[in-house]
>>> print(open('coords-v3.csv').read())   # CSV, C-alpha atoms and all ligand atoms
chain,number,residue,atom,x,y,z
A,1,MET,CA,-23.3,7.4,-49.0
A,2,GLY,CA,-27.1,7.3,-49.1
A,3,GLU,CA,-28.1,9.7,-46.4
A,4,ILE,CA,-31.4,11.4,-47.0
A,5,VAL,CA,-31.8,14.9,-45.5
A,6,PHE,CA,-35.0,17.0,-45.5
A,7,SER,CA,-34.5,20.6,-44.5
A,8,GLY,CA,-37.6,22.7,-43.9
A,9,VAL,CA,-39.5,20.8,-46.6
A,10,THR,CA,-43.1,22.0,-47.3
A,11,LYS,CA,-45.5,20.8,-49.9
A,12,ARG,CA,-49.0,22.2,-50.5
A,13,TYR,CA,-51.8,21.1,-52.7
A,14,GLY,CA,-54.0,24.2,-53.0
A,15,ASN,CA,-55.0,25.0,-49.4
A,16,THR,CA,-53.9,21.6,-48.0
A,17,VAL,CA,-50.5,21.6,-46.4
A,18,ALA,CA,-49.5,18.0,-47.0
A,19,VAL,CA,-45.9,18.3,-45.6
A,20,ASP,CA,-45.2,21.1,-43.2
A,21,HIS,CA,-41.6,22.3,-42.6
A,22,VAL,CA,-40.2,18.8,-42.2
A,23,THR,CA,-36.6,18.6,-41.1
A,24,LEU,CA,-35.4,15.0,-40.8
A,25,THR,CA,-32.2,13.0,-41.5
A,26,VAL,CA,-32.3,9.3,-42.6
A,27,PHE,CA,-28.8,8.2,-41.8
A,28,ASP,CA,-26.7,6.2,-44.2
A,29,GLY,CA,-27.6,2.5,-43.9
A,30,GLU,CA,-30.5,3.2,-41.6
A,31,LEU,CA,-34.1,1.8,-41.9
A,32,LEU,CA,-36.3,4.7,-40.7
A,33,VAL,CA,-40.0,4.1,-40.4
A,34,LEU,CA,-42.4,7.0,-41.1
A,35,LEU,CA,-45.5,6.3,-39.1
A,36,GLY,CA,-48.8,8.2,-39.1
A,37,PRO,CA,-52.5,8.1,-39.8
A,38,SER,CA,-54.0,8.1,-43.3
A,39,GLY,CA,-53.6,11.5,-44.9
A,40,CYS,CA,-50.8,12.8,-42.7
A,41,GLY,CA,-48.4,13.2,-45.6
A,42,LYS,CA,-46.3,10.0,-45.6
A,43,THR,CA,-46.7,9.2,-49.3
A,44,THR,CA,-46.1,12.9,-50.2
A,45,LEU,CA,-42.8,12.8,-48.3
A,46,LEU,CA,-41.7,9.7,-50.3
A,47,ARG,CA,-42.8,11.2,-53.6
A,48,LEU,CA,-40.8,14.3,-52.8
A,49,VAL,CA,-37.7,12.2,-52.3
A,50,ALA,CA,-38.3,10.3,-55.5
A,51,GLY,CA,-38.8,13.5,-57.4
A,52,LEU,CA,-42.4,12.7,-58.4
A,53,GLU,CA,-43.6,15.9,-56.7
A,54,ASP,CA,-41.9,19.3,-56.6
A,55,LEU,CA,-41.5,20.9,-53.1
A,56,ASP,CA,-42.7,24.4,-52.3
A,57,GLU,CA,-40.1,25.2,-49.7
A,58,GLY,CA,-36.9,23.7,-48.4
A,59,GLU,CA,-34.3,21.3,-49.6
A,60,ILE,CA,-33.9,17.5,-50.0
A,61,SER,CA,-30.5,16.0,-50.4
A,62,ILE,CA,-29.6,12.4,-51.1
A,63,GLY,CA,-26.0,11.2,-50.5
A,64,GLY,CA,-24.9,14.7,-49.8
A,65,LYS,CA,-26.3,16.2,-53.1
A,66,ILE,CA,-29.2,18.5,-53.2
A,67,VAL,CA,-31.8,17.0,-55.5
A,68,ASN,CA,-34.5,19.7,-55.7
A,69,ASP,CA,-33.8,20.1,-59.4
A,70,VAL,CA,-32.6,16.5,-60.2
A,71,GLU,CA,-34.8,14.4,-62.5
A,72,PRO,CA,-36.4,11.3,-60.8
A,73,LYS,CA,-34.5,9.0,-63.1
A,74,ASP,CA,-31.2,10.5,-62.0
A,75,ARG,CA,-31.9,10.3,-58.2
A,76,ASP,CA,-30.6,6.7,-57.8
A,77,ILE,CA,-33.3,5.5,-55.6
A,78,ALA,CA,-35.8,2.6,-55.9
A,79,MET,CA,-39.4,2.7,-54.7
A,80,VAL,CA,-41.6,-0.2,-53.6
A,81,PHE,CA,-45.3,0.4,-53.5
A,82,GLN,CA,-48.3,-1.4,-51.9
A,83,SER,CA,-49.6,-2.0,-55.5
A,84,TYR,CA,-46.4,-3.7,-56.6
A,85,ALA,CA,-46.5,-1.9,-60.0
A,86,LEU,CA,-45.2,-4.9,-62.0
A,87,TYR,CA,-45.5,-5.2,-65.8
A,88,PRO,CA,-48.2,-7.8,-66.4
A,89,HIS,CA,-46.9,-8.8,-69.8
A,90,LEU,CA,-43.3,-9.5,-68.6
A,91,THR,CA,-42.0,-12.6,-66.8
A,92,VAL,CA,-40.6,-12.3,-63.3
A,93,ALA,CA,-37.1,-12.3,-64.6
A,94,LYS,CA,-37.9,-9.6,-67.2
A,95,ASN,CA,-39.6,-7.5,-64.6
A,96,ILE,CA,-36.5,-7.6,-62.4
A,97,GLU,CA,-34.2,-7.0,-65.4
A,98,PHE,CA,-36.2,-3.9,-66.6
A,99,PRO,CA,-34.4,-1.2,-64.5
A,100,LEU,CA,-31.0,-2.6,-65.6
A,101,ARG,CA,-32.0,-2.4,-69.3
A,102,GLN,CA,-33.2,1.2,-68.7
A,103,ARG,CA,-29.7,2.0,-67.5
A,104,GLY,CA,-28.0,0.3,-70.4
A,105,ILE,CA,-26.2,-2.4,-68.4
A,106,PRO,CA,-24.7,-5.1,-70.7
A,107,HIS,CA,-26.6,-8.4,-71.2
A,108,ASP,CA,-24.3,-10.7,-69.3
A,109,GLU,CA,-24.1,-8.5,-66.2
A,110,ARG,CA,-27.9,-8.1,-66.3
A,111,GLN,CA,-28.4,-11.9,-66.3
A,112,ARG,CA,-25.9,-12.4,-63.5
A,113,ARG,CA,-27.5,-9.7,-61.3
A,114,VAL,CA,-31.1,-10.9,-61.9
A,115,GLN,CA,-30.1,-14.5,-61.0
A,116,ASP,CA,-28.3,-13.3,-57.9
A,117,VAL,CA,-31.2,-11.2,-56.7
A,118,MET,CA,-33.8,-13.8,-57.4
A,119,SER,CA,-32.0,-16.4,-55.3
A,120,ARG,CA,-31.4,-13.8,-52.5
A,121,VAL,CA,-35.1,-13.0,-52.3
A,122,GLY,CA,-36.1,-16.7,-52.7
A,123,ILE,CA,-38.0,-16.5,-56.1
A,124,ALA,CA,-35.6,-18.3,-58.5
A,125,GLU,CA,-38.2,-20.9,-59.3
A,126,LEU,CA,-40.7,-18.2,-60.4
A,127,ALA,CA,-38.4,-16.7,-63.0
A,128,GLY,CA,-40.6,-17.7,-66.0
A,129,ARG,CA,-44.0,-16.8,-64.6
A,130,LYS,CA,-46.0,-13.7,-65.3
A,131,PRO,CA,-47.3,-11.5,-62.4
A,132,GLY,CA,-50.9,-12.8,-63.0
A,133,GLN,CA,-49.6,-16.3,-62.0
A,134,LEU,CA,-48.3,-15.2,-58.6
A,135,SER,CA,-49.7,-14.8,-55.2
A,136,GLY,CA,-49.7,-11.4,-53.5
A,137,GLY,CA,-46.7,-12.3,-51.4
A,138,GLN,CA,-44.8,-13.6,-54.4
A,139,ARG,CA,-45.5,-10.4,-56.3
A,140,GLN,CA,-44.3,-8.3,-53.5
A,141,ARG,CA,-41.0,-10.3,-53.5
A,142,VAL,CA,-40.6,-9.6,-57.2
A,143,ALA,CA,-41.2,-5.9,-56.6
A,144,LEU,CA,-38.5,-6.0,-53.8
A,145,ALA,CA,-36.1,-7.9,-56.1
A,146,ARG,CA,-36.7,-5.3,-58.8
A,147,ALA,CA,-35.8,-2.5,-56.3
A,148,ILE,CA,-32.7,-4.3,-55.0
A,149,VAL,CA,-31.3,-5.3,-58.4
A,150,ARG,CA,-29.9,-1.8,-59.3
A,151,ASP,CA,-28.2,-1.4,-55.9
A,152,PRO,CA,-29.6,2.1,-55.5
A,153,GLN,CA,-28.5,4.7,-52.9
A,154,ALA,CA,-31.8,4.3,-51.1
A,155,PHE,CA,-35.1,2.4,-50.9
A,156,LEU,CA,-38.4,4.1,-50.5
A,157,MET,CA,-41.2,1.7,-49.4
A,158,ASP,CA,-44.8,2.9,-49.3
A,159,GLU,CA,-46.9,0.5,-47.2
A,160,PRO,CA,-45.5,-2.5,-49.1
A,161,LEU,CA,-47.2,-5.1,-46.9
A,162,SER,CA,-50.7,-3.7,-46.7
A,163,ASN,CA,-52.1,-6.0,-49.5
A,164,LEU,CA,-50.8,-9.2,-47.8
A,165,ASP,CA,-52.7,-11.4,-45.4
A,166,ALA,CA,-51.7,-11.3,-41.7
A,167,ALA,CA,-49.4,-14.4,-41.7
A,168,LEU,CA,-47.6,-13.3,-44.9
A,169,ARG,CA,-47.2,-9.8,-43.6
A,170,VAL,CA,-45.3,-11.0,-40.5
A,171,GLN,CA,-43.0,-13.2,-42.7
A,172,THR,CA,-42.4,-10.5,-45.3
A,173,ARG,CA,-41.8,-7.9,-42.6
A,174,ALA,CA,-39.0,-10.1,-41.2
A,175,ASP,CA,-37.6,-10.7,-44.7
A,176,ILE,CA,-37.4,-6.9,-45.5
A,177,VAL,CA,-35.7,-6.3,-42.2
A,178,SER,CA,-33.0,-9.0,-42.7
A,179,LEU,CA,-32.5,-8.0,-46.3
A,180,GLN,CA,-32.0,-4.4,-45.3
A,181,GLN,CA,-29.6,-5.4,-42.6
A,182,ARG,CA,-27.5,-7.4,-45.2
A,183,LEU,CA,-27.6,-4.7,-47.9
A,184,GLU,CA,-27.3,-1.8,-45.5
A,185,THR,CA,-29.1,0.4,-48.0
A,186,THR,CA,-30.7,3.6,-46.5
A,187,THR,CA,-34.4,2.9,-46.4
A,188,LEU,CA,-37.4,5.1,-45.7
A,189,TYR,CA,-40.3,2.9,-44.9
A,190,VAL,CA,-43.8,4.2,-44.7
A,191,THR,CA,-46.6,2.6,-42.7
A,192,HIS,CA,-49.7,3.5,-40.8
A,193,ASP,CA,-49.3,0.2,-38.9
A,194,GLN,CA,-47.7,0.8,-35.5
A,195,VAL,CA,-46.8,-2.9,-35.1
A,196,GLU,CA,-44.6,-2.6,-38.3
A,197,ALA,CA,-43.2,0.6,-36.9
A,198,MET,CA,-42.3,-0.9,-33.5
A,199,THR,CA,-40.7,-4.0,-35.0
A,200,MET,CA,-38.9,-2.9,-38.1
A,201,GLY,CA,-37.1,0.4,-37.8
A,202,HIS,CA,-33.9,1.5,-36.2
A,203,ARG,CA,-35.9,4.7,-35.6
A,204,ILE,CA,-39.4,5.9,-36.2
A,205,ALA,CA,-40.6,9.3,-37.2
A,206,VAL,CA,-44.2,9.8,-36.1
A,207,VAL,CA,-46.1,12.2,-38.4
A,208,ASN,CA,-49.4,14.0,-38.0
A,209,HIS,CA,-50.9,16.7,-40.2
A,210,GLY,CA,-47.7,16.9,-42.3
A,211,GLU,CA,-45.5,17.6,-39.2
A,212,ILE,CA,-42.9,15.4,-37.5
A,213,GLN,CA,-44.0,14.7,-34.0
A,214,GLN,CA,-41.1,12.7,-32.7
A,215,VAL,CA,-38.1,10.9,-34.1
A,216,SER,CA,-36.5,8.2,-31.9
A,217,PRO,CA,-35.9,4.5,-31.5
A,218,PRO,CA,-39.4,2.9,-31.4
A,219,GLN,CA,-39.2,1.8,-27.8
A,220,ASP,CA,-38.3,5.3,-26.7
A,221,ALA,CA,-41.3,6.8,-28.4
A,222,TYR,CA,-43.4,4.2,-26.7
A,223,ASP,CA,-41.9,4.7,-23.3
A,224,ARG,CA,-41.5,8.5,-23.5
A,225,PRO,CA,-43.9,9.9,-26.0
A,226,ALA,CA,-43.1,13.5,-26.8
A,227,ASN,CA,-46.8,14.6,-26.9
A,228,THR,CA,-50.3,13.4,-26.5
A,229,PHE,CA,-50.6,12.5,-30.2
A,230,VAL,CA,-47.7,10.1,-30.1
A,231,ALA,CA,-49.0,8.7,-26.7
A,232,GLY,CA,-52.4,8.0,-28.2
A,233,PHE,CA,-51.1,6.7,-31.6
A,234,LEU,CA,-48.5,4.2,-30.4
A,235,GLY,CA,-49.8,1.1,-28.7
A,236,SER,CA,-52.8,-1.0,-29.4
A,237,PRO,CA,-54.9,0.4,-28.0
A,238,GLY,CA,-53.0,3.7,-27.3
A,239,MET,CA,-52.3,5.4,-24.1
A,240,ASN,CA,-55.3,6.5,-22.0
A,241,LEU,CA,-55.4,10.3,-21.7
A,242,LEU,CA,-57.4,11.9,-18.9
A,243,PRO,CA,-58.0,15.6,-18.2
A,244,ALA,CA,-56.4,16.1,-14.7
A,245,ALA,CA,-55.8,18.8,-12.2
A,246,LEU,CA,-53.2,19.0,-9.4
A,247,GLY,CA,-54.7,17.8,-6.1
A,248,GLU,CA,-55.5,20.1,-3.2
A,249,GLN,CA,-52.5,19.2,-1.1
A,250,GLY,CA,-50.1,22.0,0.1
A,251,PRO,CA,-46.4,21.7,-0.5
A,252,ASP,CA,-45.8,19.8,2.7
A,253,ALA,CA,-48.6,17.3,2.3
A,254,GLY,CA,-46.4,14.6,0.8
A,255,VAL,CA,-46.5,13.3,-2.7
A,256,PRO,CA,-49.3,15.0,-4.7
A,257,SER,CA,-51.8,13.1,-6.7
A,258,LEU,CA,-53.9,14.3,-9.6
A,259,VAL,CA,-57.6,14.8,-9.5
A,260,VAL,CA,-59.5,13.3,-12.4
A,261,SER,CA,-63.1,12.5,-13.1
A,262,GLY,CA,-64.0,9.5,-10.9
A,263,GLY,CA,-61.1,9.8,-8.4
A,264,THR,CA,-57.4,10.4,-8.2
A,265,ILE,CA,-54.2,9.3,-9.9
A,266,PRO,CA,-51.2,8.7,-7.7
A,267,LEU,CA,-47.8,10.1,-8.8
A,268,THR,CA,-44.2,9.0,-8.1
A,269,PRO,CA,-42.3,11.5,-6.0
A,270,GLU,CA,-40.3,12.6,-9.1
A,271,LEU,CA,-43.4,13.3,-11.1
A,272,GLY,CA,-45.1,14.8,-8.1
A,273,ALA,CA,-42.2,17.4,-7.9
A,274,VAL,CA,-42.7,18.5,-11.5
A,275,ALA,CA,-46.5,18.4,-11.2
A,276,ARG,CA,-46.3,21.3,-8.8
A,277,THR,CA,-45.2,23.5,-11.6
A,278,ALA,CA,-48.5,23.6,-13.4
A,279,ALA,CA,-52.2,23.2,-12.6
A,280,ARG,CA,-53.8,21.4,-15.4
A,281,PHE,CA,-52.6,18.3,-17.3
A,282,LYS,CA,-53.4,15.5,-19.5
A,283,ALA,CA,-52.5,12.4,-17.5
A,284,GLY,CA,-51.4,9.5,-19.7
A,285,VAL,CA,-51.6,5.8,-18.5
A,286,ARG,CA,-51.2,2.8,-20.8
A,287,PRO,CA,-53.8,0.0,-20.4
A,288,GLU,CA,-51.2,-2.3,-18.9
A,289,SER,CA,-50.5,0.1,-16.1
A,290,LEU,CA,-54.2,-0.1,-15.0
A,291,SER,CA,-55.9,-3.0,-13.2
A,292,VAL,CA,-59.3,-3.8,-11.9
A,293,ASP,CA,-59.0,-3.6,-8.1
A,294,PRO,CA,-61.5,-3.0,-5.3
A,295,ASP,CA,-59.0,-0.7,-3.6
A,296,GLY,CA,-58.3,1.3,-6.8
A,297,SER,CA,-58.4,5.1,-6.8
A,298,LEU,CA,-60.7,5.5,-9.8
A,299,GLU,CA,-64.3,4.6,-10.2
A,300,ALA,CA,-65.6,3.8,-13.6
A,301,SER,CA,-68.4,1.9,-15.3
A,302,VAL,CA,-67.8,-0.9,-17.8
A,303,VAL,CA,-68.8,-0.1,-21.4
A,304,ILE,CA,-67.6,-3.3,-23.1
A,305,VAL,CA,-65.2,-6.1,-22.6
A,306,GLU,CA,-63.1,-7.3,-25.6
A,307,ALA,CA,-61.7,-10.8,-25.1
A,308,LEU,CA,-58.5,-11.3,-27.2
A,309,GLY,CA,-57.5,-14.8,-26.2
A,310,ALA,CA,-54.5,-14.4,-23.9
A,311,GLU,CA,-55.9,-11.1,-22.5
A,312,ALA,CA,-59.0,-8.9,-22.4
A,313,LEU,CA,-59.5,-5.2,-22.8
A,314,VAL,CA,-62.0,-3.8,-20.2
A,315,ILE,CA,-63.2,-0.6,-21.8
A,316,CYS,CA,-64.6,1.7,-19.1
A,317,GLU,CA,-66.0,5.2,-18.8
A,318,LEU,CA,-65.3,7.8,-16.1
A,319,PRO,CA,-68.2,10.0,-14.9
A,320,ASP,CA,-67.2,12.7,-17.4
A,321,HIS,CA,-67.4,10.1,-20.2
A,322,THR,CA,-63.7,9.9,-20.8
A,323,GLN,CA,-62.9,6.4,-22.0
A,324,VAL,CA,-60.3,4.3,-20.1
A,325,VAL,CA,-59.0,1.0,-21.3
A,326,VAL,CA,-57.7,-1.6,-18.8
A,327,ARG,CA,-55.6,-4.5,-20.1
A,328,GLN,CA,-56.3,-7.7,-18.1
A,329,ASP,CA,-55.0,-11.3,-18.2
A,330,ALA,CA,-57.7,-13.6,-19.7
A,331,ASP,CA,-57.9,-15.7,-16.5
A,332,ARG,CA,-59.0,-12.8,-14.3
A,333,HIS,CA,-62.7,-12.3,-13.5
A,334,ARG,CA,-64.4,-10.6,-16.4
A,335,PRO,CA,-66.5,-7.7,-15.3
A,336,GLY,CA,-70.0,-7.3,-16.8
A,337,ILE,CA,-71.2,-4.5,-19.0
A,338,GLY,CA,-72.7,-1.6,-17.0
A,339,GLU,CA,-70.9,-2.8,-13.8
A,340,THR,CA,-69.3,-0.1,-11.7
A,341,LEU,CA,-65.8,-1.0,-10.6
A,342,ARG,CA,-62.6,0.5,-9.3
A,343,ILE,CA,-59.3,0.8,-11.2
A,344,ARG,CA,-55.9,0.8,-9.6
A,345,VAL,CA,-53.3,3.0,-11.3
A,346,ASP,CA,-49.6,2.1,-11.2
A,347,PRO,CA,-47.8,5.4,-10.4
A,348,VAL,CA,-44.7,4.3,-12.3
A,349,GLY,CA,-46.8,4.1,-15.5
A,350,VAL,CA,-48.2,7.7,-15.3
A,351,HIS,CA,-47.1,10.3,-17.9
A,352,LEU,CA,-47.9,14.0,-17.7
A,353,PHE,CA,-48.6,16.2,-20.6
A,354,ASP,CA,-49.3,20.0,-20.7
A,355,ALA,CA,-53.1,20.5,-21.0
A,356,GLU,CA,-52.7,23.3,-23.5
A,357,THR,CA,-49.8,22.2,-25.8
A,358,GLY,CA,-50.1,18.5,-25.3
A,359,LEU,CA,-46.3,18.4,-24.8
A,360,ARG,CA,-44.7,15.9,-22.4
A,361,ILE,CA,-43.7,17.2,-19.0
A,362,GLU,CA,-40.5,15.4,-18.1
A,363,ASP,CA,-40.1,13.9,-14.7
A,364,ARG,CA,-36.5,15.0,-14.4
B,401,LIG,N1,-52.2,15.0,-55.8
B,401,LIG,C1,-52.8,15.5,-54.8
B,401,LIG,N2,-53.7,16.6,-54.9
B,401,LIG,C2,-54.3,17.2,-53.9
B,401,LIG,N3,-54.2,16.7,-52.6
B,401,LIG,C3,-53.3,15.7,-52.4
B,401,LIG,C4,-52.6,15.1,-53.4
B,401,LIG,N4,-51.9,14.1,-52.9
B,401,LIG,C5,-52.1,14.1,-51.6
B,401,LIG,N5,-53.0,15.1,-51.2
B,401,LIG,C6,-53.4,15.5,-49.9
B,401,LIG,O1,-52.2,15.6,-49.1
B,401,LIG,C7,-52.4,15.1,-47.8
B,401,LIG,C8,-51.4,14.0,-47.5
B,401,LIG,O2,-51.6,12.9,-48.4
B,401,LIG,P1,-50.7,11.6,-48.4
B,401,LIG,O3,-49.3,12.1,-48.5
B,401,LIG,O4,-51.2,10.7,-49.5
B,401,LIG,O5,-51.0,11.0,-47.0
B,401,LIG,P2,-50.6,9.5,-46.4
B,401,LIG,O6,-49.7,8.8,-47.4
B,401,LIG,O7,-50.0,9.8,-45.1
B,401,LIG,O8,-52.0,8.8,-46.3
B,401,LIG,C9,-53.8,14.6,-47.7
B,401,LIG,O9,-54.6,15.6,-47.2
B,401,LIG,C10,-54.2,14.3,-49.2
B,401,LIG,O10,-55.5,14.4,-49.4
B,402,MG,MG,-50.0,7.0,-48.4
>>> encode(input="coords-v3.csv", output="structure tokens", more="lines below")
Ligand SMILES: Nc1ncnc2c1ncn2[C@@H]1O[C@H](COP(=O)(O)OP(=O)(O)O)[C@@H](O)[C@H]1O
Ligand SMILES: [Mg+2]
Amino acid sequence: MGEIVFSGVTKRYGNTVAVDHVTLTVFDGELLVLLGPSGCGKTTLLRLVAGLEDLDEGEISIGGKIVNDVEPKDRDIAMVFQSYALYPHLTVAKNIEFPLRQRGIPHDERQRRVQDVMSRVGIAELAGRKPGQLSGGQRQRVALARAIVRDPQAFLMDEPLSNLDAALRVQTRADIVSLQQRLETTTLYVTHDQVEAMTMGHRIAVVNHGEIQQVSPPQDAYDRPANTFVAGFLGSPGMNLLPAALGEQGPDAGVPSLVVSGGTIPLTPELGAVARTAARFKAGVRPESLSVDPDGSLEASVVIVEALGAEALVICELPDHTQVVVRQDADRHRPGIGETLRIRVDPVGVHLFDAETGLRIEDR
């Protein structure tokens, strides 16, 4: 049972709080993705699990056993880094065999397990090469094989794809997912890349400033972000966030709308009902819920248009200089830079957040 449990875990470096009271369970057999910007504490969280750092507060358990005082070598986990960390003087086969030697596993069993894992990861033909004679993708496969070969309780992966080119990254991403599904080994996977997070994990944990912001299946975090940080971080580009106030309508004036710089944002009746409970908000709208439309309720001026092939991003500015990104099919008319246009907002795509706390206001 390789469940990993963080309970109130805090790690400081001098005045920097790298990990701030993190409570999180990675279920047995799960692939959980830790997602957050550079410097938010992802690597520190992994190093705490691996025992490469001591924690200041809290507890970590692996497979039901508290490991705070357990030596790294006795934690029965395997780490895969972005830098591969292969021994340059050893062949591929010897690199993979290394952790088995360290554990005193007999020669014949070592050979059998190395052969088995090399064929599973698709690198059998590379057995005799040294790391210097391999491509980046091949090296990462060897590093994966070396992690798998010991059959540990858990894998810790720290941005393992970031040194690979785009095509190889997509392929290796799929390989890691299918491998993890077959092995059913508990995996904590760190990335700052939200496409990896959306596509790989059973659940994602979004981290900022050492704190967990939201833990949920990736699509839930995208559809119902818990706060403005998650809203803005997930998605490419992220959700537009506009300072907004409740419109002037009285309680009988029908469905309220929000007043923002440059116009209004329509609300669904459900969201309108909860909007009456507060006065000031951040209104969140994803670029795909906006469209350029002469009858739109917002006026904005075009800052730049980014053509991405199948679609374009029309990046606009409201009168208060808040930036708003509109996603548009490539065959639509492209507005010119500096042009003033109107934007239609799909009420179904509107999210409300508390202006002070940034927390999501639920529509039911
Ligand atoms: N050994 C260290 N000494 C001092 N500060 C550190 C050390 N390792 C990490 N930090 C700081 O802790 C914070 C989290 O770092 P890290 O876990 O590496 O973030 P991430 O992996 O998300 O980019 C950062 O502010 C970083 O500068
Ligand atoms: Mg890191």
>>> residues_near_ligand(input="coords-v3.csv", ligand="ligand MG 402 (chain B)", cutoff="8 Å", atoms="only C-alpha atoms and all ligand atoms", output="ChimeraX atom specification")
/A:38-39,41-44,158-159,190-191
>>> closest_residue(input="coords-v3.csv", among="A:Ile77, A:Ala283, A:Ala174, A:Ala205", to="Asp151 of chain A", atoms="all atoms listed in the file")
A:Ile77
>>> residues_near_point(input="coords-v3.csv", point="(-42.8, 5.0, -5.8)", cutoff="8 Å", atoms="only C-alpha atoms", output="PyMOL selection string")
chain A and resi 267-269+347-348
>>> closest_residue(input="coords-v3.csv", among="A:Phe353, A:Phe6, A:Phe281, A:Tyr87", to="Thr23 of chain A", atoms="only C-alpha atoms")
A:Phe6
>>> residues_around(input="coords-v3.csv", residues="Leu308 of chain A", least_positions_apart="5", cutoff="12 Å", atoms="all atoms listed in the file", output="ChimeraX atom specification")
/A:236,313-314,327-331
>>> write_last_selection(input="coords-v3.csv", atoms="C-alpha atoms", output="mmCIF file, in the frame of the given file")
data_model
loop_
_atom_site.group_PDB
_atom_site.id
_atom_site.type_symbol
_atom_site.label_atom_id
_atom_site.label_comp_id
_atom_site.auth_asym_id
_atom_site.auth_seq_id
_atom_site.Cartn_x
_atom_site.Cartn_y
_atom_site.Cartn_z
ATOM 1 C CA SER A 236 -52.800 -1.000 -29.400
ATOM 2 C CA LEU A 313 -59.500 -5.200 -22.800
ATOM 3 C CA VAL A 314 -62.000 -3.800 -20.200
ATOM 4 C CA ARG A 327 -55.600 -4.500 -20.100
ATOM 5 C CA GLN A 328 -56.300 -7.700 -18.100
ATOM 6 C CA ASP A 329 -55.000 -11.300 -18.200
ATOM 7 C CA ALA A 330 -57.700 -13.600 -19.700
ATOM 8 C CA ASP A 331 -57.900 -15.700 -16.500
#
>>> closest_residue(input="coords-v3.csv", among="A:Arg342, A:Arg120, A:His192, A:His107", to="ligand LIG 401 (chain B)", atoms="only C-alpha atoms and all ligand atoms")
A:His192
>>> closest_residue(input="coords-v3.csv", among="A:Asp293, A:Glu288, A:Gln194, A:Thr25", to="Glu311 of chain A", atoms="all atoms listed in the file")
A:Glu288
>>> closest_residue(input="coords-v3.csv", among="A:Gly358, A:Gly262, A:Pro88, A:Pro243", to="Thr340 of chain A", atoms="all atoms listed in the file")
A:Gly262
>>> residues_near_ligand(input="coords-v3.csv", ligand="ligand LIG 401 (chain B)", cutoff="12 Å", atoms="all atoms listed in the file", output="MDAnalysis selection string")
chainID A and resid 10:20 34:48 52:54 81:82 157:159 189:193 206:212
>>> atom_distance(input="coords-v3.csv", atom1="atom CA of Asn68 of chain A", atom2="atom CA of Gly51 of chain A")
7.7 Å
>>> residues_around(input="coords-v3.csv", residues="Ile96 of chain A", least_positions_apart="5", cutoff="7 Å", atoms="all atoms listed in the file", output="VMD selection string")
chain A and resid 114 142 145 to 146 149
>>> residues_around(input="coords-v3.csv", residues="Ile60 of chain A", least_positions_apart="6", cutoff="6 Å", atoms="all atoms listed in the file", output="JSON, numbers by chain")
{"A": [5, 6, 66, 67]}
>>> residues_around(input="coords-v3.csv", residues="Asp363 of chain A", least_positions_apart="6", cutoff="8 Å", atoms="only C-alpha atoms", output="list in words")
Glu270, Leu271, Ala273 and Val274 of chain A
>>> closest_residue(input="coords-v3.csv", among="A:Leu341, A:Ala226, A:Ala50, A:Ala167", to="Gln213 of chain A", atoms="only C-alpha atoms")
A:Ala226
>>> decode(input="coords-v3.csv", residues="segment 216-233 of chain A", atoms="C-alpha atoms", output="short mmCIF file (atom, residue, chain, number, x, y, z; two decimals), in the first residue's frame")
data_model
loop_
_atom_site.label_atom_id
_atom_site.label_comp_id
_atom_site.auth_asym_id
_atom_site.auth_seq_id
_atom_site.Cartn_x
_atom_site.Cartn_y
_atom_site.Cartn_z
CA SER A 216 -9.59 17.77 -7.72
CA PRO A 217 -9.84 15.94 -11.04
CA PRO A 218 -8.23 18.26 -13.61
CA GLN A 219 -11.43 19.00 -15.51
CA ASP A 220 -13.21 20.00 -12.27
CA ALA A 221 -10.44 22.46 -11.44
CA TYR A 222 -10.79 23.89 -14.94
CA ASP A 223 -14.60 24.04 -14.82
CA ARG A 224 -14.96 25.15 -11.19
CA PRO A 225 -11.74 26.81 -10.03
CA ALA A 226 -11.70 27.27 -6.26
CA ASN A 227 -10.16 30.73 -6.42
CA THR A 228 -8.79 33.38 -8.76
CA PHE A 229 -5.29 31.88 -8.67
CA VAL A 230 -6.48 28.52 -10.03
CA ALA A 231 -8.77 30.31 -12.51
CA GLY A 232 -5.90 32.34 -13.92
CA PHE A 233 -3.32 29.55 -13.81
#
